[in-house]
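Text of data14.tsv (TSV, C-alpha atoms) as supplied:
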```
chain	number	residue	atom	x	y	z
A	54	MET	CA	-43.31	-11.73	-37.74
A	55	ASN	CA	-43.47	-9.21	-34.92
A	56	SER	CA	-44.36	-10.34	-31.39
A	57	LEU	CA	-47.20	-7.80	-31.46
A	58	PHE	CA	-49.19	-10.18	-33.56
A	59	SER	CA	-49.44	-13.54	-31.93
A	60	TYR	CA	-50.95	-15.00	-35.03
A	61	ARG	CA	-50.07	-15.17	-38.68
A	62	PRO	CA	-52.47	-12.85	-40.55
A	63	HIS	CA	-54.88	-14.51	-42.86
A	64	ASP	CA	-54.22	-13.97	-46.56
A	65	GLN	CA	-57.31	-11.75	-46.82
A	66	GLU	CA	-56.09	-9.59	-43.91
A	67	ALA	CA	-52.66	-9.25	-45.47
A	68	GLU	CA	-54.24	-8.16	-48.74
A	69	LYS	CA	-56.40	-5.52	-47.05
A	70	ALA	CA	-53.49	-4.15	-44.99
A	71	SER	CA	-51.35	-4.02	-48.13
A	72	ASN	CA	-54.17	-2.26	-50.01
A	73	GLY	CA	-54.14	0.44	-47.31
A	74	TYR	CA	-50.60	1.33	-48.33
A	75	LEU	CA	-51.35	1.01	-52.05
A	76	MET	CA	-54.38	3.27	-51.65
A	77	SER	CA	-52.20	6.07	-50.29
A	78	LEU	CA	-49.73	5.57	-53.15
A	79	ILE	CA	-52.37	5.73	-55.89
A	80	ALA	CA	-54.03	8.72	-54.27
A	81	LEU	CA	-50.64	10.41	-53.89
A	82	MET	CA	-49.99	10.08	-57.61
A	83	ALA	CA	-53.52	11.19	-58.53
A	84	GLY	CA	-53.57	14.24	-56.32
A	85	MET	CA	-49.92	15.22	-56.57
A	86	PRO	CA	-50.30	19.02	-56.40
A	87	LEU	CA	-53.00	18.95	-53.72
A	88	PRO	CA	-51.62	17.50	-50.49
A	89	ILE	CA	-55.06	16.75	-49.02
A	90	ILE	CA	-56.12	14.20	-51.69
A	91	ASN	CA	-54.00	11.28	-50.48
A	92	LEU	CA	-55.05	11.90	-46.89
A	93	ILE	CA	-58.75	11.83	-47.84
A	94	ALA	CA	-58.26	8.54	-49.70
A	95	THR	CA	-56.43	7.05	-46.72
A	96	VAL	CA	-59.12	8.25	-44.29
A	97	ILE	CA	-61.85	6.65	-46.46
A	98	PHE	CA	-59.94	3.36	-46.54
A	99	TYR	CA	-59.32	3.57	-42.79
A	100	LEU	CA	-63.01	4.16	-42.04
A	101	ALA	CA	-64.02	1.31	-44.34
A	102	ASN	CA	-61.73	-1.04	-42.40
A	103	ARG	CA	-62.15	0.29	-38.88
A	104	ARG	CA	-64.07	-2.87	-37.94
A	105	GLY	CA	-61.51	-5.12	-39.59
A	106	SER	CA	-58.97	-7.34	-37.83
A	107	TYR	CA	-56.30	-5.83	-35.61
A	108	PHE	CA	-53.60	-6.38	-38.29
A	109	VAL	CA	-55.63	-4.49	-40.90
A	110	ARG	CA	-56.63	-1.68	-38.52
A	111	TRP	CA	-53.10	-1.26	-37.22
A	112	HIS	CA	-51.58	-0.90	-40.70
A	113	CYS	CA	-54.36	1.43	-41.88
A	114	THR	CA	-53.69	3.59	-38.78
A	115	GLN	CA	-49.95	3.64	-39.47
A	116	THR	CA	-50.59	4.82	-43.05
A	117	LEU	CA	-53.05	7.42	-41.81
A	118	VAL	CA	-50.64	8.85	-39.22
A	119	SER	CA	-47.84	8.92	-41.76
A	120	GLN	CA	-50.07	10.67	-44.33
A	121	PHE	CA	-51.26	13.19	-41.74
A	122	THR	CA	-47.70	14.05	-40.70
A	123	LEU	CA	-46.70	14.59	-44.31
A	124	LEU	CA	-49.85	16.62	-44.89
A	125	LEU	CA	-48.68	19.20	-42.38
A	126	PHE	CA	-45.32	19.64	-44.14
A	127	ASN	CA	-46.91	19.52	-47.60
A	128	SER	CA	-49.59	22.07	-46.71
A	129	ILE	CA	-46.99	24.61	-45.65
A	130	GLY	CA	-45.18	24.09	-48.95
A	131	PHE	CA	-48.47	24.34	-50.85
A	132	SER	CA	-49.51	27.58	-49.10
A	133	TRP	CA	-46.06	29.05	-49.64
A	134	THR	CA	-46.24	28.23	-53.37
A	135	MET	CA	-49.70	29.80	-53.64
A	136	ALA	CA	-48.40	32.94	-51.90
A	137	ILE	CA	-45.57	33.15	-54.45
A	138	LEU	CA	-47.95	32.69	-57.37
A	139	PHE	CA	-50.71	35.02	-56.24
A	140	SER	CA	-49.22	37.61	-53.89
A	141	HIS	CA	-46.08	39.68	-53.41
A	142	THR	CA	-44.03	36.84	-51.97
A	143	PHE	CA	-40.83	36.03	-53.81
A	144	ILE	CA	-38.95	32.83	-54.48
A	145	SER	CA	-36.19	32.67	-51.90
A	146	ASN	CA	-33.45	30.20	-51.00
A	147	SER	CA	-35.51	29.21	-47.94
A	148	TYR	CA	-38.51	28.41	-50.13
A	149	ILE	CA	-36.51	26.28	-52.57
A	150	ALA	CA	-34.79	24.51	-49.66
A	151	TYR	CA	-38.18	23.83	-48.04
A	152	ILE	CA	-39.65	22.38	-51.23
A	153	ILE	CA	-36.60	20.14	-51.78
A	154	THR	CA	-36.83	18.93	-48.15
A	155	VAL	CA	-40.55	18.20	-48.54
A	156	ILE	CA	-39.93	16.34	-51.81
A	157	LEU	CA	-37.16	14.29	-50.14
A	158	PHE	CA	-39.43	13.38	-47.21
A	159	ASN	CA	-42.27	12.48	-49.58
A	160	LEU	CA	-39.88	10.35	-51.63
A	161	VAL	CA	-38.68	8.49	-48.54
A	162	GLU	CA	-42.30	7.94	-47.48
A	163	PHE	CA	-43.14	6.74	-51.00
A	164	ILE	CA	-40.34	4.16	-50.96
A	165	PHE	CA	-41.23	3.00	-47.44
A	166	THR	CA	-44.87	2.69	-48.48
A	167	ILE	CA	-43.97	0.42	-51.41
A	168	ILE	CA	-41.81	-1.75	-49.16
A	169	ALA	CA	-44.58	-1.86	-46.53
A	170	ALA	CA	-47.20	-2.79	-49.16
A	171	ILE	CA	-45.06	-5.69	-50.39
A	172	LYS	CA	-44.19	-6.95	-46.92
A	173	THR	CA	-47.68	-6.71	-45.43
A	174	ARG	CA	-49.03	-8.53	-48.49
A	175	LYS	CA	-46.78	-11.41	-47.39
A	176	GLY	CA	-48.20	-11.10	-43.88
A	177	ILE	CA	-45.03	-9.53	-42.45
A	178	HIS	CA	-45.52	-6.78	-39.89
A	179	VAL	CA	-43.72	-3.52	-40.74
A	180	GLU	CA	-43.38	-0.80	-38.15
A	181	TRP	CA	-42.35	2.75	-39.08
A	182	TRP	CA	-40.53	5.37	-37.06
A	183	PHE	CA	-43.02	7.65	-35.22
A	184	SER	CA	-46.13	6.57	-37.23
A	185	GLY	CA	-45.80	3.05	-35.79
A	186	GLU	CA	-45.56	4.40	-32.24
A	187	VAL	CA	-48.65	6.57	-32.70
A	188	ALA	CA	-50.48	3.62	-34.31
A	189	HIS	CA	-49.81	1.63	-31.12
A	190	LEU	CA	-51.36	4.43	-29.06
A	191	ILE	CA	-54.42	4.77	-31.27
A	192	CYS	CA	-55.10	1.19	-32.27
A	193	LYS	CA	-56.05	-1.13	-29.45
A	194	GLN	CA	-56.36	-4.87	-29.84
B	197	MET	CA	-43.27	9.48	-24.60
B	198	LYS	CA	-41.43	7.43	-27.22
B	199	ALA	CA	-43.70	8.92	-29.88
B	200	ILE	CA	-42.85	12.46	-28.72
B	201	ILE	CA	-39.12	11.74	-28.84
B	202	GLN	CA	-39.48	10.23	-32.30
B	203	LEU	CA	-41.53	13.22	-33.48
B	204	SER	CA	-38.87	15.58	-32.12
B	205	VAL	CA	-36.16	13.67	-33.98
B	206	LEU	CA	-38.29	13.76	-37.13
B	207	LEU	CA	-38.80	17.52	-36.81
B	208	LEU	CA	-35.10	18.03	-36.11
B	209	LEU	CA	-34.24	16.01	-39.20
B	210	PHE	CA	-36.64	18.06	-41.30
B	211	GLY	CA	-35.43	21.34	-39.83
B	212	GLY	CA	-31.80	20.35	-40.25
B	213	ALA	CA	-32.28	19.37	-43.88
B	214	TRP	CA	-34.20	22.59	-44.55
B	215	PHE	CA	-31.61	24.77	-42.84
B	216	GLY	CA	-28.72	22.99	-44.54
B	217	LEU	CA	-30.27	23.28	-48.00
B	218	SER	CA	-31.23	26.93	-47.49
B	219	ARG	CA	-27.50	27.73	-47.13
B	220	ILE	CA	-27.19	27.02	-50.86
B	221	ASP	CA	-27.78	30.14	-52.95
B	222	PHE	CA	-30.28	28.60	-55.39
B	223	VAL	CA	-31.57	32.00	-56.52
B	224	GLU	CA	-28.10	33.06	-57.63
B	225	ARG	CA	-26.99	29.64	-58.92
B	226	PHE	CA	-30.01	29.15	-61.18
B	227	ARG	CA	-30.21	32.87	-62.02
B	228	LEU	CA	-33.90	32.84	-61.11
B	229	TYR	CA	-34.28	36.59	-61.32
B	230	ASP	CA	-32.45	37.03	-64.58
B	231	ILE	CA	-34.67	38.64	-67.13
B	232	SER	CA	-33.79	38.65	-70.81
B	233	ASN	CA	-31.76	41.64	-71.98
B	234	LYS	CA	-34.56	42.59	-74.36
B	235	THR	CA	-37.10	42.82	-71.53
B	236	GLU	CA	-34.63	44.71	-69.36
B	237	GLN	CA	-34.02	47.16	-72.19
B	238	LYS	CA	-37.76	47.69	-72.67
B	239	ILE	CA	-38.26	48.40	-68.96
B	240	GLY	CA	-35.33	50.84	-68.94
B	241	ASP	CA	-36.56	52.65	-72.05
B	242	ALA	CA	-40.08	52.96	-70.59
B	243	ILE	CA	-38.69	54.52	-67.39
B	244	VAL	CA	-36.47	56.95	-69.30
B	245	LYS	CA	-39.49	57.94	-71.41
B	246	THR	CA	-41.43	58.71	-68.22
B	247	ILE	CA	-38.55	60.75	-66.80
B	248	LYS	CA	-38.29	62.72	-70.03
B	249	GLN	CA	-42.01	63.52	-69.83
B	250	THR	CA	-41.92	64.66	-66.22
B	251	GLU	CA	-38.45	66.15	-65.72
B	252	HIS	CA	-36.38	68.83	-67.42
B	253	MET	CA	-33.63	67.03	-69.32
B	254	ILE	CA	-30.37	68.61	-70.40
B	255	ALA	CA	-29.72	67.46	-73.92
B	256	ASP	CA	-27.87	70.27	-75.69
B	257	ASP	CA	-25.02	69.15	-77.93
B	258	SER	CA	-22.12	70.74	-76.07
B	259	THR	CA	-23.10	69.34	-72.64
B	260	THR	CA	-23.89	65.93	-74.10
B	261	ALA	CA	-20.48	65.93	-75.81
B	262	VAL	CA	-18.68	66.49	-72.50
B	263	ILE	CA	-20.71	63.81	-70.72
B	264	THR	CA	-20.04	61.40	-73.60
B	265	LYS	CA	-16.30	62.18	-73.40
B	266	ILE	CA	-16.28	61.39	-69.65
B	267	THR	CA	-18.36	58.24	-70.09
B	268	ASN	CA	-16.26	56.95	-72.98
B	269	LYS	CA	-13.12	57.31	-70.92
B	270	LEU	CA	-14.54	54.77	-68.48
B	271	LEU	CA	-16.18	52.56	-71.10
B	272	PHE	CA	-13.18	52.21	-73.43
B	273	ALA	CA	-10.86	51.28	-70.57
B	274	ASN	CA	-13.28	48.70	-69.14
B	275	ARG	CA	-14.56	46.22	-71.67
B	276	ASN	CA	-16.80	44.50	-69.10
B	277	ILE	CA	-19.08	47.52	-68.66
B	278	PRO	CA	-21.96	47.40	-71.17
B	279	HIS	CA	-20.91	49.77	-73.95
B	280	ALA	CA	-24.46	50.87	-74.59
B	281	THR	CA	-24.51	52.70	-71.25
B	282	ILE	CA	-26.28	56.05	-71.65
B	283	ILE	CA	-26.06	58.94	-69.18
B	284	HIS	CA	-29.15	61.15	-68.89
B	285	LEU	CA	-28.83	64.57	-67.25
B	286	VAL	CA	-31.84	65.76	-65.28
B	287	LYS	CA	-32.07	69.40	-64.23
B	288	SER	CA	-32.65	69.29	-60.49
B	289	LYS	CA	-31.18	70.74	-57.32
B	290	GLU	CA	-31.38	67.28	-55.81
B	291	ILE	CA	-28.07	65.49	-55.40
B	292	ASN	CA	-28.70	62.06	-56.81
B	293	ALA	CA	-27.61	59.56	-59.43
B	294	PHE	CA	-28.94	56.08	-60.03
B	295	ALA	CA	-28.75	53.23	-62.50
B	296	LEU	CA	-31.80	51.97	-64.39
B	297	PRO	CA	-32.42	48.68	-66.22
B	298	GLY	CA	-31.22	48.63	-69.83
B	299	ASN	CA	-27.89	50.37	-69.08
B	300	HIS	CA	-29.31	53.83	-68.41
B	301	ILE	CA	-27.86	56.09	-65.70
B	302	ILE	CA	-29.71	59.14	-64.44
B	303	VAL	CA	-27.58	61.97	-63.07
B	304	TYR	CA	-29.14	65.03	-61.42
B	305	THR	CA	-27.41	68.34	-62.08
B	306	GLY	CA	-27.36	69.00	-58.32
B	307	LEU	CA	-24.80	66.22	-58.05
B	308	ILE	CA	-22.58	67.77	-60.74
B	309	GLU	CA	-22.86	71.13	-58.97
B	310	HIS	CA	-21.45	69.52	-55.84
B	311	CYS	CA	-18.58	67.85	-57.71
B	312	ASP	CA	-15.35	69.86	-57.51
B	313	SER	CA	-13.65	67.90	-60.27
B	314	ALA	CA	-14.41	65.56	-63.15
B	315	GLN	CA	-12.70	62.79	-61.11
B	316	GLU	CA	-15.43	63.07	-58.48
B	317	LEU	CA	-18.16	62.80	-61.11
B	318	CYS	CA	-16.34	59.84	-62.72
B	319	GLY	CA	-16.29	58.12	-59.34
B	320	VAL	CA	-20.07	58.36	-59.04
B	321	LEU	CA	-20.57	57.26	-62.67
B	322	ALA	CA	-18.19	54.32	-62.21
B	323	HIS	CA	-20.11	53.30	-59.08
B	324	GLU	CA	-23.44	53.33	-60.96
B	325	MET	CA	-21.87	51.48	-63.91
B	326	ALA	CA	-20.70	48.83	-61.45
B	327	HIS	CA	-24.28	48.36	-60.22
B	328	ILE	CA	-25.27	47.72	-63.85
B	329	GLU	CA	-22.35	45.40	-64.62
B	330	LEU	CA	-22.88	43.40	-61.43
B	331	ARG	CA	-26.61	43.14	-62.25
B	332	HIS	CA	-27.59	44.67	-58.92
B	333	VAL	CA	-30.36	46.73	-60.52
B	334	MET	CA	-32.28	43.79	-61.95
B	335	LYS	CA	-31.69	41.56	-58.94
B	336	ARG	CA	-33.04	44.25	-56.64
B	337	LEU	CA	-36.07	44.97	-58.83
B	338	ALA	CA	-36.90	41.29	-59.20
B	339	GLY	CA	-36.70	40.90	-55.44
B	340	GLU	CA	-38.60	44.03	-54.48
B	341	VAL	CA	-41.10	44.41	-57.31
B	342	GLY	CA	-41.40	40.82	-58.51
B	343	ILE	CA	-40.76	39.38	-61.98
B	344	ALA	CA	-44.43	39.24	-62.98
B	345	VAL	CA	-45.03	42.90	-62.04
B	346	LEU	CA	-41.74	43.88	-63.62
B	347	ALA	CA	-42.74	42.32	-66.92
B	348	SER	CA	-45.92	44.44	-66.98
B	349	ALA	CA	-43.71	47.56	-67.12
B	350	THR	CA	-42.79	46.62	-70.69
B	351	THR	CA	-46.37	47.28	-71.74
B	352	GLY	CA	-46.14	50.85	-70.44
B	353	ASN	CA	-47.98	50.32	-67.12
B	354	SER	CA	-47.35	53.80	-65.68
B	355	GLN	CA	-48.12	52.78	-62.10
B	356	VAL	CA	-45.48	50.05	-62.22
B	357	ILE	CA	-42.97	52.33	-64.00
B	358	ASN	CA	-43.41	55.03	-61.34
B	359	GLY	CA	-43.04	52.39	-58.62
B	360	ILE	CA	-39.79	51.12	-60.16
B	361	LEU	CA	-38.50	54.67	-60.53
B	362	LYS	CA	-39.27	55.44	-56.91
B	363	THR	CA	-37.58	52.22	-55.77
B	364	LEU	CA	-34.42	52.88	-57.75
B	365	SER	CA	-34.12	56.58	-56.99
B	366	SER	CA	-34.90	56.58	-53.29
B	367	THR	CA	-34.04	53.24	-51.73
B	368	ALA	CA	-30.61	51.82	-50.99
B	369	PHE	CA	-28.95	48.70	-52.32
B	370	GLU	CA	-27.79	46.11	-49.83
B	371	ARG	CA	-24.62	47.09	-48.01
B	372	SER	CA	-22.68	44.20	-49.59
B	373	GLN	CA	-23.81	45.35	-53.06
B	374	GLU	CA	-22.70	48.93	-52.33
B	375	SER	CA	-19.28	47.70	-51.22
B	376	ALA	CA	-18.97	45.49	-54.31
B	377	ALA	CA	-19.94	48.44	-56.53
B	378	ASP	CA	-17.37	50.68	-54.80
B	379	GLU	CA	-14.67	48.07	-55.30
B	380	ALA	CA	-15.54	47.61	-58.98
B	381	ALA	CA	-15.73	51.40	-59.44
B	382	VAL	CA	-12.17	51.78	-58.13
B	383	LYS	CA	-10.99	49.17	-60.66
B	384	TYR	CA	-12.79	50.95	-63.51
B	385	LEU	CA	-11.26	54.29	-62.49
B	386	VAL	CA	-7.74	52.88	-62.19
B	387	HIS	CA	-8.02	51.13	-65.59
B	388	ALA	CA	-9.17	54.42	-67.10
B	389	GLN	CA	-6.24	56.25	-65.43
B	390	ILE	CA	-8.68	58.37	-63.42
B	391	ASN	CA	-7.60	59.11	-59.87
B	392	PRO	CA	-10.00	57.26	-57.46
B	393	ALA	CA	-9.10	59.80	-54.77
B	394	GLY	CA	-11.80	61.99	-56.36
B	395	PHE	CA	-14.40	59.30	-55.66
B	396	ALA	CA	-13.27	58.98	-52.04
B	397	GLY	CA	-13.25	62.75	-51.76
B	398	PHE	CA	-16.82	62.99	-52.97
B	399	MET	CA	-17.94	60.40	-50.41
B	400	HIS	CA	-16.19	62.37	-47.67
B	401	LYS	CA	-17.84	65.55	-48.88
B	402	ILE	CA	-21.39	64.20	-48.83
B	403	ASP	CA	-20.78	63.00	-45.31
B	404	THR	CA	-20.13	66.57	-44.25
B	405	LEU	CA	-23.09	67.92	-46.25
B	406	ILE	CA	-25.62	65.76	-44.43
B	407	ALA	CA	-27.37	68.77	-42.90
B	408	GLN	CA	-28.45	70.09	-46.30
B	409	PRO	CA	-31.91	68.80	-47.32
B	410	GLU	CA	-31.08	68.40	-51.04
B	411	ILE	CA	-28.30	65.93	-50.20
B	412	MET	CA	-30.62	63.67	-48.26
B	413	GLU	CA	-31.61	61.53	-51.25
B	414	TRP	CA	-28.04	60.51	-52.01
B	415	ILE	CA	-27.26	60.02	-48.32
B	416	SER	CA	-30.31	57.83	-47.81
B	417	THR	CA	-29.46	55.64	-50.79
B	418	HIS	CA	-25.72	55.59	-50.09
B	419	PRO	CA	-25.31	55.25	-46.32
B	420	ASN	CA	-22.03	55.09	-44.40
B	421	SER	CA	-20.27	57.45	-46.84
B	422	LYS	CA	-17.40	58.18	-44.47
B	423	ALA	CA	-16.60	54.52	-43.87
B	424	ARG	CA	-16.89	53.81	-47.56
B	425	ALA	CA	-14.56	56.71	-48.42
B	426	GLU	CA	-11.99	55.20	-46.07
B	427	ALA	CA	-12.48	51.78	-47.65
B	428	ILE	CA	-11.90	53.31	-51.11
B	429	ASN	CA	-8.71	54.98	-49.86
B	430	GLN	CA	-7.52	51.64	-48.49
B	431	LEU	CA	-8.23	49.93	-51.80
B	432	THR	CA	-6.18	52.49	-53.69
B	433	ALA	CA	-3.33	52.78	-51.18
B	434	ASN	CA	-1.07	50.22	-52.89
B	435	ILE	CA	-2.01	50.89	-56.49
B	436	ARG	CA	0.77	52.31	-58.64
B	437	GLN	CA	-0.80	54.05	-61.60
B	438	THR	CA	-0.22	57.25	-63.52
B	439	TYR	CA	-3.44	59.24	-63.55
B	440	MET	CA	-4.53	61.52	-66.36
B	441	PRO	CA	-7.01	64.41	-66.42
B	442	VAL	CA	-10.53	63.27	-67.41
B	443	VAL	CA	-11.46	66.28	-69.52
B	444	ASP	CA	-9.80	69.64	-70.02
B	445	PHE	CA	-10.68	72.57	-67.82
B	446	ALA	CA	-12.86	74.27	-70.47
B	447	ASP	CA	-15.06	71.19	-70.86
B	448	TRP	CA	-15.45	70.77	-67.12
B	449	LYS	CA	-16.39	74.47	-66.79
B	450	LEU	CA	-18.96	74.06	-69.55
B	451	LEU	CA	-20.54	71.10	-67.77
B	452	LYS	CA	-20.59	72.89	-64.44
B	453	ARG	CA	-22.19	75.93	-66.06
B	454	ALA	CA	-24.87	73.80	-67.70
B	455	ALA	CA	-25.56	72.11	-64.37
B	456	GLY	CA	-25.73	75.37	-62.48
B	457	GLN	CA	-27.90	77.33	-64.86
```

Now, as a test, write the supplied structure out as structure tokens.
Amino acid sequence: MNSLFSYRPHDQEAEKASNGYLMSLIALMAGMPLPIINLIATVIFYLANRRGSYFVRWHCTQTLVSQFTLLLFNSIGFSWTMAILFSHTFISNSYIAYIITVILFNLVEFIFTIIAAIKTRKGIHVEWWFSGEVAHLICKQ
Amino acid sequence: MKAIIQLSVLLLLFGGAWFGLSRIDFVERFRLYDISNKTEQKIGDAIVKTIKQTEHMIADDSTTAVITKITNKLLFANRNIPHATIIHLVKSKEINAFALPGNHIIVYTGLIEHCDSAQELCGVLAHEMAHIELRHVMKRLAGEVGIAVLASATTGNSQVINGILKTLSSTAFERSQESAADEAAVKYLVHAQINPAGFAGFMHKIDTLIAQPEIMEWISTHPNSKARAEAINQLTANIRQTYMPVVDFADWKLLKRAAGQ
């Protein structure tokens, strides 16, 4: 357990925090081609739990920040794909490389989300690179 | 502060992965712009049909026989060039020649008029054949026109056909593609026992003719002629080959007369 949380989260808290991660996973799979879907789902879950305990809020914020960061990369890829399909933009090596990079980053996020969902369900605090730092700035005890 | 550093590292990681992956030539490796031969043939045939409707073609038996003789000399010696390559002669003062999809090559009579020997003409034909064999024509069209638009040419979309024709007749290939076509052309000529000096000579000649307006089309689509002529001479410097005449003098005269009429 991280020193950030001076208490062991209650089982109900752990479940809610874990659900925050699961929510983003389910939404990601449902709205695969549209990068905004998973963010909307995460925002809804975040708003629903904004009055929850610090553990729940913190983990919902971390998911939200992570989803938002990915959204920026995904949106560029999405717009680029639309331009290729509907205007005179052509498939280039840069485009393919960008899409592969985005897929790799999404895959890494997907794996980390599964791990985080499992660990938080057990009441273990998981802190991600960058998203965790921003969550600390946003979420106050 | 820590968040900013971490974001910077994240962006650097993303940028690095993107840059590194973009060094891989996916387009070439997965042949993304390769269109089936049947579609390519249809596009080429549609363009030739349009040219025949709008331009004065030279198709008399004696001239065609000489052109076929010259073409066959290159084709029979080089098995890698598509053997269905057809040369179409267009009556025009303009000095130009260009390859079309479907193994068609358009040669303007103005170009033949400016050739002093059959070797010079063979050099130009070999260069255009190289563009076909190296698939430069289709790669360029797919990149500039787009595969979806290109496919609509098969249905006889005249606007698209005219656009393709304009692209191929008046815009240049990439410099690397021109060099590759020159190199391949020299090989074709040597295999066919045709002296590549004629090709280099023609390139030198068009460099000196730059002031004439009718030469501008060829110059604009084949820049750096002087440097390329020198590169051709360098390529041929160490080749030991016995060269033969392409066609006899009477045939060459006949072709020149047909071009000049």

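As for CA of Glu316 (chain B) and CA of Lys335 (chain B), they are spaced 27.0 Å apart.
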
Note to self: Contacts from chain B to chain A, 7 Å maximum, all atoms listed in the file: show me the residue list as a PyMOL selection string.
What the structure shows: chain B and resi 199+202-203+210+213-214+217-218+221-223+339+342

With C-alpha atoms retained, write the just-selected residues as a CSV table (one decimal), in the coordinates of the input.
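Saved the output as result_25.csv:
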```
chain,number,residue,atom,x,y,z
B,199,ALA,CA,-43.7,8.9,-29.9
B,202,GLN,CA,-39.5,10.2,-32.3
B,203,LEU,CA,-41.5,13.2,-33.5
B,210,PHE,CA,-36.6,18.1,-41.3
B,213,ALA,CA,-32.3,19.4,-43.9
B,214,TRP,CA,-34.2,22.6,-44.6
B,217,LEU,CA,-30.3,23.3,-48.0
B,218,SER,CA,-31.2,26.9,-47.5
B,221,ASP,CA,-27.8,30.1,-53.0
B,222,PHE,CA,-30.3,28.6,-55.4
B,223,VAL,CA,-31.6,32.0,-56.5
B,339,GLY,CA,-36.7,40.9,-55.4
B,342,GLY,CA,-41.4,40.8,-58.5
```

Notebook entry, point to check: Between CA of Asp256 (chain B) and CA of Gly456 (chain B), what is the spacing in Å?
Noted result: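 Answer for the CA of Gly456 (chain B) to CA of Asp256 (chain B) separation: 14.3 Å.
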
Next item on the list: One decimal, Å: what's the distance from CA of Ser348 (chain B) over to CA of Ile239 (chain B), could you say?
Entry: 8.8 Å

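Here the question is which of A:Lys172, A:His178, A:Arg104, A:His112 gets nearest to Ser77 (chain A) using only C-alpha atoms, and that residue is A:His112.
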
Next item on the list: Go through B:Leu346, B:Ala396, B:Ile328, B:Val356 and flag the residue nearest Gln430 (chain B), using only C-alpha atoms for the distances.
Entry: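 Of B:Leu346, B:Ala396, B:Ile328, B:Val356, the one nearest Gln430 (chain B), counting only C-alpha atoms, is B:Ala396.
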
Item checked: Which residue of B:Gly319, B:Gly397, B:Gly306, B:Gly298 approaches Ile243 (chain B) most closely, using all atoms listed in the file ->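 Using all atoms listed in the file, the shortest distance to Ile243 (chain B) belongs to B:Gly298.
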
Margin query: Need to verify the contact set: region 96-99 of chain A, 10 Å, all atoms listed in the file, exclusion of same-chain residues closer than 5 positions in sequence. Can you return it as a list in words?
Written below: Lys69, Ala70, Asn72, Gly73, Tyr74, Met76, Ser77, Ile90, Asn91, Arg104, Gly105, Val109, Arg110, Trp111, His112, Cys113, Thr114, Gln115, Thr116, Leu117, Val118, Gln120 and Phe121 of chain A

Check: region 359-362 of chain B: which residues within 10 Å, counting all atoms listed in the file, same-chain residues fewer than 5 positions away excluded, as a ChimeraX atom specification?
Finding: /B:239-240,243-244,246-247,294,296-297,337,340-341,345-346,349,354,367

Save out the residues we just selected, C-alpha atoms, as a CSV table (one decimal), in the frame of the given file.
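Contents of part_32.csv, freshly written:
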```csv
chain,number,residue,atom,x,y,z
B,239,ILE,CA,-38.3,48.4,-69.0
B,240,GLY,CA,-35.3,50.8,-68.9
B,243,ILE,CA,-38.7,54.5,-67.4
B,244,VAL,CA,-36.5,57.0,-69.3
B,246,THR,CA,-41.4,58.7,-68.2
B,247,ILE,CA,-38.6,60.8,-66.8
B,294,PHE,CA,-28.9,56.1,-60.0
B,296,LEU,CA,-31.8,52.0,-64.4
B,297,PRO,CA,-32.4,48.7,-66.2
B,337,LEU,CA,-36.1,45.0,-58.8
B,340,GLU,CA,-38.6,44.0,-54.5
B,341,VAL,CA,-41.1,44.4,-57.3
B,345,VAL,CA,-45.0,42.9,-62.0
B,346,LEU,CA,-41.7,43.9,-63.6
B,349,ALA,CA,-43.7,47.6,-67.1
B,354,SER,CA,-47.4,53.8,-65.7
B,367,THR,CA,-34.0,53.2,-51.7
```

Next item on the list: Please provide as an MDAnalysis selection string all residues within 10 Å of Gln194 (chain A), with the sequence filter that same-chain residues fewer than 2 positions apart are discarded (counting all atoms listed in the file).
Entry: chainID A and resid 57:58 106:108 110:111 189 191:192

Print the selection's residues with C-alpha atoms to a file, as a PDB file, in the frame of the given file.
```pdb
ATOM      1  CA  LEU A  57     -47.200  -7.800 -31.460  1.00  0.00           C
ATOM      2  CA  PHE A  58     -49.190 -10.180 -33.560  1.00  0.00           C
ATOM      3  CA  SER A 106     -58.970  -7.340 -37.830  1.00  0.00           C
ATOM      4  CA  TYR A 107     -56.300  -5.830 -35.610  1.00  0.00           C
ATOM      5  CA  PHE A 108     -53.600  -6.380 -38.290  1.00  0.00           C
ATOM      6  CA  ARG A 110     -56.630  -1.680 -38.520  1.00  0.00           C
ATOM      7  CA  TRP A 111     -53.100  -1.260 -37.220  1.00  0.00           C
ATOM      8  CA  HIS A 189     -49.810   1.630 -31.120  1.00  0.00           C
ATOM      9  CA  ILE A 191     -54.420   4.770 -31.270  1.00  0.00           C
ATOM     10  CA  CYS A 192     -55.100   1.190 -32.270  1.00  0.00           C
TER      11      CYS A 192
END
```

Next item on the list: Around the point (-18.7, 42.4, -68.4) in the file's coordinates, collect all residues with an atom within 10 Å, using all atoms listed in the file, and return them as a list in words.
Entry: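 Taken together, the residues in range are Asn274, Arg275, Asn276, Ile277, Pro278, His279, Ala326, Ile328, Glu329 and Leu330 of chain B.
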
Margin query: List as a PyMOL selection string the protein and nucleic acid residues near His323 (chain B), meaning an atom at most 7 Å away when all atoms listed in the file are counted, but skip any in the same chain fewer than 2 places from it.
Written below: chain B and resi 319-321+325-327+377-378+381

Notebook entry, point to check: Mind listing as a list of chain:residue names all residues within 8 Å of (-25.5, 69.0, -55.2), counting only C-alpha atoms?
Noted result: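 Residues satisfying the cut-off, written out: B:Lys289, B:Glu290, B:Ile291, B:Asn292, B:Thr305, B:Gly306, B:Leu307, B:Ile308, B:Glu309, B:His310, B:Cys311, B:Glu410, B:Ile411.
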